[in-house]
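Enquirer: Got a file for you: query.cif, mmCIF, C-alpha atoms.
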data_coords
#
loop_
_atom_site.group_PDB
_atom_site.id
_atom_site.type_symbol
_atom_site.label_atom_id
_atom_site.label_comp_id
_atom_site.auth_asym_id
_atom_site.auth_seq_id
_atom_site.Cartn_x
_atom_site.Cartn_y
_atom_site.Cartn_z
ATOM 1 C CA MET L 1 -33.390 -45.963 36.023
ATOM 2 C CA PRO L 2 -31.130 -46.919 33.092
ATOM 3 C CA HIS L 3 -27.576 -45.653 33.023
ATOM 4 C CA PHE L 4 -25.049 -46.465 30.305
ATOM 5 C CA ASP L 5 -21.395 -45.503 30.234
ATOM 6 C CA THR L 6 -19.445 -46.752 27.225
ATOM 7 C CA SER L 7 -16.088 -45.968 25.686
ATOM 8 C CA ARG L 8 -14.905 -46.888 22.206
ATOM 9 C CA ARG L 9 -11.569 -46.254 20.621
ATOM 10 C CA VAL L 10 -12.003 -45.289 16.976
ATOM 11 C CA ARG L 11 -9.615 -44.495 14.129
ATOM 12 C CA HIS L 12 -10.927 -41.005 13.605
ATOM 13 C CA THR L 13 -9.720 -37.705 15.044
ATOM 14 C CA PRO L 14 -11.435 -36.033 18.001
ATOM 15 C CA THR L 15 -12.477 -33.188 15.680
ATOM 16 C CA GLU L 16 -14.052 -35.592 13.179
ATOM 17 C CA MET L 17 -15.968 -37.415 15.898
ATOM 18 C CA PHE L 18 -17.037 -34.199 17.625
ATOM 19 C CA ASP L 19 -18.292 -32.759 14.331
ATOM 20 C CA LEU L 20 -20.174 -35.951 13.530
ATOM 21 C CA VAL L 21 -21.988 -36.035 16.905
ATOM 22 C CA ALA L 22 -22.607 -32.268 16.761
ATOM 23 C CA ASP L 23 -24.358 -32.613 13.381
ATOM 24 C CA VAL L 24 -27.663 -33.486 15.052
ATOM 25 C CA GLU L 25 -29.778 -32.817 11.955
ATOM 26 C CA LYS L 26 -28.274 -35.955 10.363
ATOM 27 C CA TYR L 27 -29.300 -38.300 13.203
ATOM 28 C CA PRO L 28 -32.414 -39.627 11.423
ATOM 29 C CA ASP L 29 -30.107 -40.903 8.652
ATOM 30 C CA PHE L 30 -28.324 -43.419 10.892
ATOM 31 C CA LEU L 31 -29.295 -43.391 14.571
ATOM 32 C CA PRO L 32 -31.466 -46.259 15.875
ATOM 33 C CA LEU L 33 -35.074 -45.226 16.623
ATOM 34 C CA CYS L 34 -34.489 -41.592 15.571
ATOM 35 C CA GLU L 35 -37.195 -40.722 13.055
ATOM 36 C CA ARG L 36 -36.954 -36.944 13.078
ATOM 37 C CA LEU L 37 -34.815 -34.206 14.544
ATOM 38 C CA LYS L 38 -35.580 -30.511 14.296
ATOM 39 C CA VAL L 39 -33.367 -27.767 15.661
ATOM 40 C CA ARG L 40 -35.569 -25.006 17.101
ATOM 41 C CA GLY L 41 -32.785 -22.527 17.644
ATOM 42 C CA ARG L 42 -29.051 -21.944 18.003
ATOM 43 C CA ASN L 43 -27.163 -19.554 20.243
ATOM 44 C CA ASP L 44 -23.449 -18.795 19.910
ATOM 45 C CA LEU L 45 -22.166 -18.160 23.427
ATOM 46 C CA GLY L 46 -19.184 -16.182 22.103
ATOM 47 C CA ASP L 47 -16.588 -18.336 23.824
ATOM 48 C CA GLY L 48 -16.393 -21.068 21.194
ATOM 49 C CA ARG L 49 -19.417 -22.865 22.608
ATOM 50 C CA GLU L 50 -22.805 -23.113 20.936
ATOM 51 C CA VAL L 51 -26.144 -24.067 22.465
ATOM 52 C CA LEU L 52 -29.011 -25.439 20.472
ATOM 53 C CA VAL L 53 -32.497 -26.580 21.357
ATOM 54 C CA ALA L 54 -33.762 -29.572 19.408
ATOM 55 C CA ASP L 55 -36.825 -31.792 19.180
ATOM 56 C CA MET L 56 -36.094 -35.464 18.562
ATOM 57 C CA THR L 57 -38.815 -37.927 17.641
ATOM 58 C CA VAL L 58 -38.117 -41.561 18.427
ATOM 59 C CA GLY L 59 -40.343 -44.355 17.247
ATOM 60 C CA TYR L 60 -40.738 -48.078 17.257
ATOM 61 C CA LYS L 61 -43.621 -49.812 15.523
ATOM 62 C CA MET L 62 -46.757 -47.904 16.580
ATOM 63 C CA PHE L 63 -45.054 -45.830 19.309
ATOM 64 C CA ARG L 64 -43.796 -42.278 18.692
ATOM 65 C CA GLU L 65 -42.509 -39.854 21.268
ATOM 66 C CA THR L 66 -40.918 -36.432 20.845
ATOM 67 C CA PHE L 67 -38.693 -34.835 23.415
ATOM 68 C CA THR L 68 -36.859 -31.535 23.593
ATOM 69 C CA SER L 69 -33.257 -31.120 24.690
ATOM 70 C CA ARG L 70 -30.694 -28.389 25.110
ATOM 71 C CA VAL L 71 -27.411 -29.375 23.468
ATOM 72 C CA THR L 72 -24.214 -27.594 24.451
ATOM 73 C CA LEU L 73 -21.382 -27.967 21.960
ATOM 74 C CA ALA L 74 -17.955 -27.234 23.476
ATOM 75 C CA PRO L 75 -15.379 -28.040 20.772
ATOM 76 C CA GLU L 76 -12.377 -26.664 22.709
ATOM 77 C CA GLU L 77 -13.190 -29.030 25.582
ATOM 78 C CA ARG L 78 -14.178 -31.821 23.156
ATOM 79 C CA VAL L 79 -17.467 -32.273 25.035
ATOM 80 C CA ILE L 80 -21.126 -32.344 23.995
ATOM 81 C CA ARG L 81 -23.711 -32.166 26.770
ATOM 82 C CA VAL L 82 -27.409 -32.932 26.265
ATOM 83 C CA GLU L 83 -29.920 -31.769 28.875
ATOM 84 C CA TYR L 84 -33.564 -32.783 28.829
ATOM 85 C CA LEU L 85 -36.165 -30.024 28.665
ATOM 86 C CA ASP L 86 -39.536 -31.614 27.847
ATOM 87 C CA GLY L 87 -41.203 -34.836 26.754
ATOM 88 C CA PRO L 88 -41.878 -38.390 27.942
ATOM 89 C CA PHE L 89 -38.917 -38.686 30.306
ATOM 90 C CA ASP L 90 -38.705 -38.009 33.992
ATOM 91 C CA HIS L 91 -35.119 -37.058 33.235
ATOM 92 C CA LEU L 92 -32.543 -37.562 30.507
ATOM 93 C CA ASP L 93 -28.948 -36.432 30.666
ATOM 94 C CA ASN L 94 -26.119 -37.437 28.396
ATOM 95 C CA ARG L 95 -22.575 -36.443 27.655
ATOM 96 C CA TRP L 96 -20.106 -37.170 24.884
ATOM 97 C CA SER L 97 -16.367 -36.673 25.268
ATOM 98 C CA PHE L 98 -13.615 -37.166 22.697
ATOM 99 C CA VAL L 99 -10.132 -37.943 24.011
ATOM 100 C CA PRO L 100 -7.186 -37.849 21.581
ATOM 101 C CA GLU L 101 -4.819 -40.820 21.689
ATOM 102 C CA ALA L 102 -1.091 -40.827 20.809
ATOM 103 C CA ASP L 103 -1.643 -42.895 17.648
ATOM 104 C CA GLY L 104 -4.131 -40.377 16.184
ATOM 105 C CA SER L 105 -7.206 -42.330 17.217
ATOM 106 C CA THR L 106 -9.862 -41.112 19.656
ATOM 107 C CA THR L 107 -11.508 -42.607 22.700
ATOM 108 C CA VAL L 108 -15.185 -41.677 22.466
ATOM 109 C CA ARG L 109 -17.058 -41.818 25.748
ATOM 110 C CA PHE L 110 -20.858 -41.774 25.812
ATOM 111 C CA VAL L 111 -22.716 -41.534 29.119
ATOM 112 C CA ILE L 112 -26.507 -41.428 29.379
ATOM 113 C CA ASP L 113 -28.882 -41.579 32.302
ATOM 114 C CA TYR L 114 -32.659 -41.524 31.820
ATOM 115 C CA ALA L 115 -36.040 -42.634 33.091
ATOM 116 C CA PHE L 116 -39.482 -42.486 31.494
ATOM 117 C CA LYS L 117 -42.234 -40.540 33.324
ATOM 118 C CA ASN L 118 -44.930 -43.054 32.525
ATOM 119 C CA ARG L 119 -44.598 -46.654 33.787
ATOM 120 C CA VAL L 120 -46.674 -48.012 30.901
ATOM 121 C CA LEU L 121 -44.469 -46.278 28.343
ATOM 122 C CA ALA L 122 -41.392 -47.497 30.210
ATOM 123 C CA ALA L 123 -42.714 -51.059 30.036
ATOM 124 C CA LEU L 124 -43.574 -50.784 26.328
ATOM 125 C CA MET L 125 -40.622 -48.761 25.044
ATOM 126 C CA GLY L 126 -38.043 -49.270 27.773
ATOM 127 C CA ALA L 127 -36.347 -52.439 26.557
ATOM 128 C CA VAL L 128 -36.290 -51.256 22.922
ATOM 129 C CA PHE L 129 -34.927 -47.843 23.908
ATOM 130 C CA ASP L 130 -32.311 -49.481 26.163
ATOM 131 C CA ARG L 131 -31.034 -51.653 23.283
ATOM 132 C CA ALA L 132 -30.954 -48.675 20.909
ATOM 133 C CA VAL L 133 -29.009 -46.530 23.402
ATOM 134 C CA GLN L 134 -26.488 -49.330 23.876
ATOM 135 C CA LYS L 135 -25.866 -49.218 20.113
ATOM 136 C CA TYR L 136 -25.443 -45.433 19.820
ATOM 137 C CA SER L 137 -21.641 -45.442 20.089
ATOM 138 C CA GLU L 138 -21.424 -48.142 17.436
ATOM 139 C CA ALA L 139 -23.843 -46.237 15.173
ATOM 140 C CA PHE L 140 -21.696 -43.106 15.372
ATOM 141 C CA GLU L 141 -18.547 -45.088 14.688
ATOM 142 C CA GLN L 142 -20.123 -46.688 11.613
ATOM 143 C CA ARG L 143 -21.295 -43.261 10.445
ATOM 144 C CA ALA L 144 -17.735 -41.930 10.846
ATOM 145 C CA ASP L 145 -16.428 -44.825 8.752
ATOM 146 C CA THR L 146 -18.977 -43.971 6.051
ATOM 147 C CA ILE L 147 -18.275 -40.217 6.104
ATOM 148 C CA TYR L 148 -14.501 -40.262 6.635
ATOM 149 C CA GLY L 149 -13.761 -43.571 4.885
ATOM 150 C CA ARG L 150 -11.419 -45.173 7.380
ATOM 151 C CA PRO L 151 -11.564 -48.464 9.250
ATOM 152 C CA GLY L 152 -13.496 -48.409 12.500
ATOM 153 C CA SER L 153 -12.801 -49.570 16.008
ATOM 154 C CA VAL L 154 -9.310 -50.323 17.256
ATOM 155 C CA ALA L 155 -10.491 -51.391 20.712
ATOM 156 C CA SER L 156 -13.496 -51.194 23.031
ATOM 157 C CA ALA L 157 -13.528 -50.444 26.715
#
Output the structure of this file as structure tokens.
Expert:
Amino acid sequence: MPHFDTSRRVRHTPTEMFDLVADVEKYPDFLPLCERLKVRGRNDLGDGREVLVADMTVGYKMFRETFTSRVTLAPEERVIRVEYLDGPFDHLDNRWSFVPEADGSTTVRFVIDYAFKNRVLAALMGAVFDRAVQKYSEAFEQRADTIYGRPGSVASA
């Protein structure tokens, strides 16, 4: 059961990084293995938080899988939580947090825990998916550099 917990310090504000990760419709433009992402619906909770349900299609060579997640955006808390609803996983849970640093940079923490339902799919896609997930934080940092035009990482943890 793969579990990744990474932190990266980036030269972008917590708001910039939160907004970038919250913009899920743009994931196919830069995120490894993400071929398609469709938001099914959005719900404003009235307390500053928003919940959306999205289908994400990941692919590698001849393999394609689509899964559905509930994404809770909590900008006041600087947290994004993704909860698995349906698809090829036994479970998938991930969380982003954005901690402001004194120098104006942000420590971005990405935690993900998942397991495929099917052992054959896990054997075929597992290693590729593991490598892609390990690169997610870097992909978001590079996207921030492209969008916001500032140098990237100041340190990694």
Enquirer: Here's the selection I'm unsure about, the PyMOL selection byres ((chain L and resi 27) around 12); applied to the file above, which residues does it give, as number ranges by chain?
Expert: L: 20-26, 28-39, 54-58, 136, 139-140, 143
Enquirer: Kindly compute an axis-aligned box around the listed atoms of stretch 132-137 of chain L, allowing 5 Å on each side, and express its centre and edge lengths in Å to one decimal as JSON.
Expert:
{"center_x": -26.3, "center_y": -47.4, "center_z": 21.8, "size_x": 19.3, "size_y": 13.9, "size_z": 14.1}
Enquirer: Measure the distance from atom CA of L:Lys61 to atom CA of L:Ile112 in Å and round it to one decimal.
Expert: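 For atom CA of L:Lys61 relative to atom CA of L:Ile112, the distance reads 23.6 Å.
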Enquirer: Could you check how far atom CA of L:Arg78 sits from atom CA of L:Tyr148, in Å to one decimal?
Expert: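 If I compute the distance from atom CA of L:Arg78 to atom CA of L:Tyr148, I get 18.6 Å.
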Enquirer: Would you compute the distance between atom CA of L:Pro2 and atom CA of L:Ala115? Give it in Å to one decimal.
Expert: 6.5 Å
Enquirer: Counting all atoms listed in the file, which residue out of L:Thr66, L:Gln142, L:Thr13, L:Ser7 sits closest to L:Phe89?
Expert: L:Thr66
Enquirer: For L:Thr107, which residue among L:Arg49, L:Arg9, L:His3, L:His91 is the nearest when counting only C-alpha atoms?
Expert: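 Smallest distance to L:Thr107 is found for L:Arg9.
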Enquirer: Starting from the displayed file, determine the output of the PyMOL selection byres ((chain L and resi 68-73) around 7) and express the residue list as a list in words.
Expert: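 Taken on the displayed file, the PyMOL selection byres ((chain L and resi 68-73) around 7) yields the residues Ala22, Arg49, Glu50, Val51, Leu52, Val53, Ala54, Asp55, Met56, Thr66, Phe67, Ala74, Pro75, Val79, Ile80, Arg81, Val82, Glu83, Tyr84, Leu85, Asp86 and Gly87 of chain L.
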Enquirer: Taking into account only C-alpha atoms, which residue in the set L:Arg42, L:His12, L:Ala122, L:Pro88 is nearest to L:Thr146?
Expert: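 Once distances to L:Thr146 are computed over only C-alpha atoms, the minimum belongs to L:His12.
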Enquirer: Run through the PyMOL selection byres ((chain L and resi 96) around 7) on the given coordinates and return the selected residues as a list in words.
Expert: Val79, Ile80, Arg81, Asn94, Arg95, Ser97, Phe98, Arg109, Phe110 and Val111 of chain L
Enquirer: Of the residues L:Val133, L:Leu45, L:Ala102, L:Val108, which is the one nearest to L:Thr15, using all atoms listed in the file?
Expert: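 Closest to L:Thr15, using all atoms listed in the file: L:Val108.
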Enquirer: Which is closest to L:Ser105 among L:Glu141, L:Phe63, L:Ala132, L:Asp47, if we use all atoms listed in the file?
Expert: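 Using all atoms listed in the file, L:Ser105 sits closest to L:Glu141.
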Enquirer: So which one's closest to L:Asp5, L:Ser137, L:Glu101, L:Ile147, L:Gly41? Using all atoms listed in the file, please.
Expert: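 Selected residue with least distance to L:Asp5: L:Ser137.
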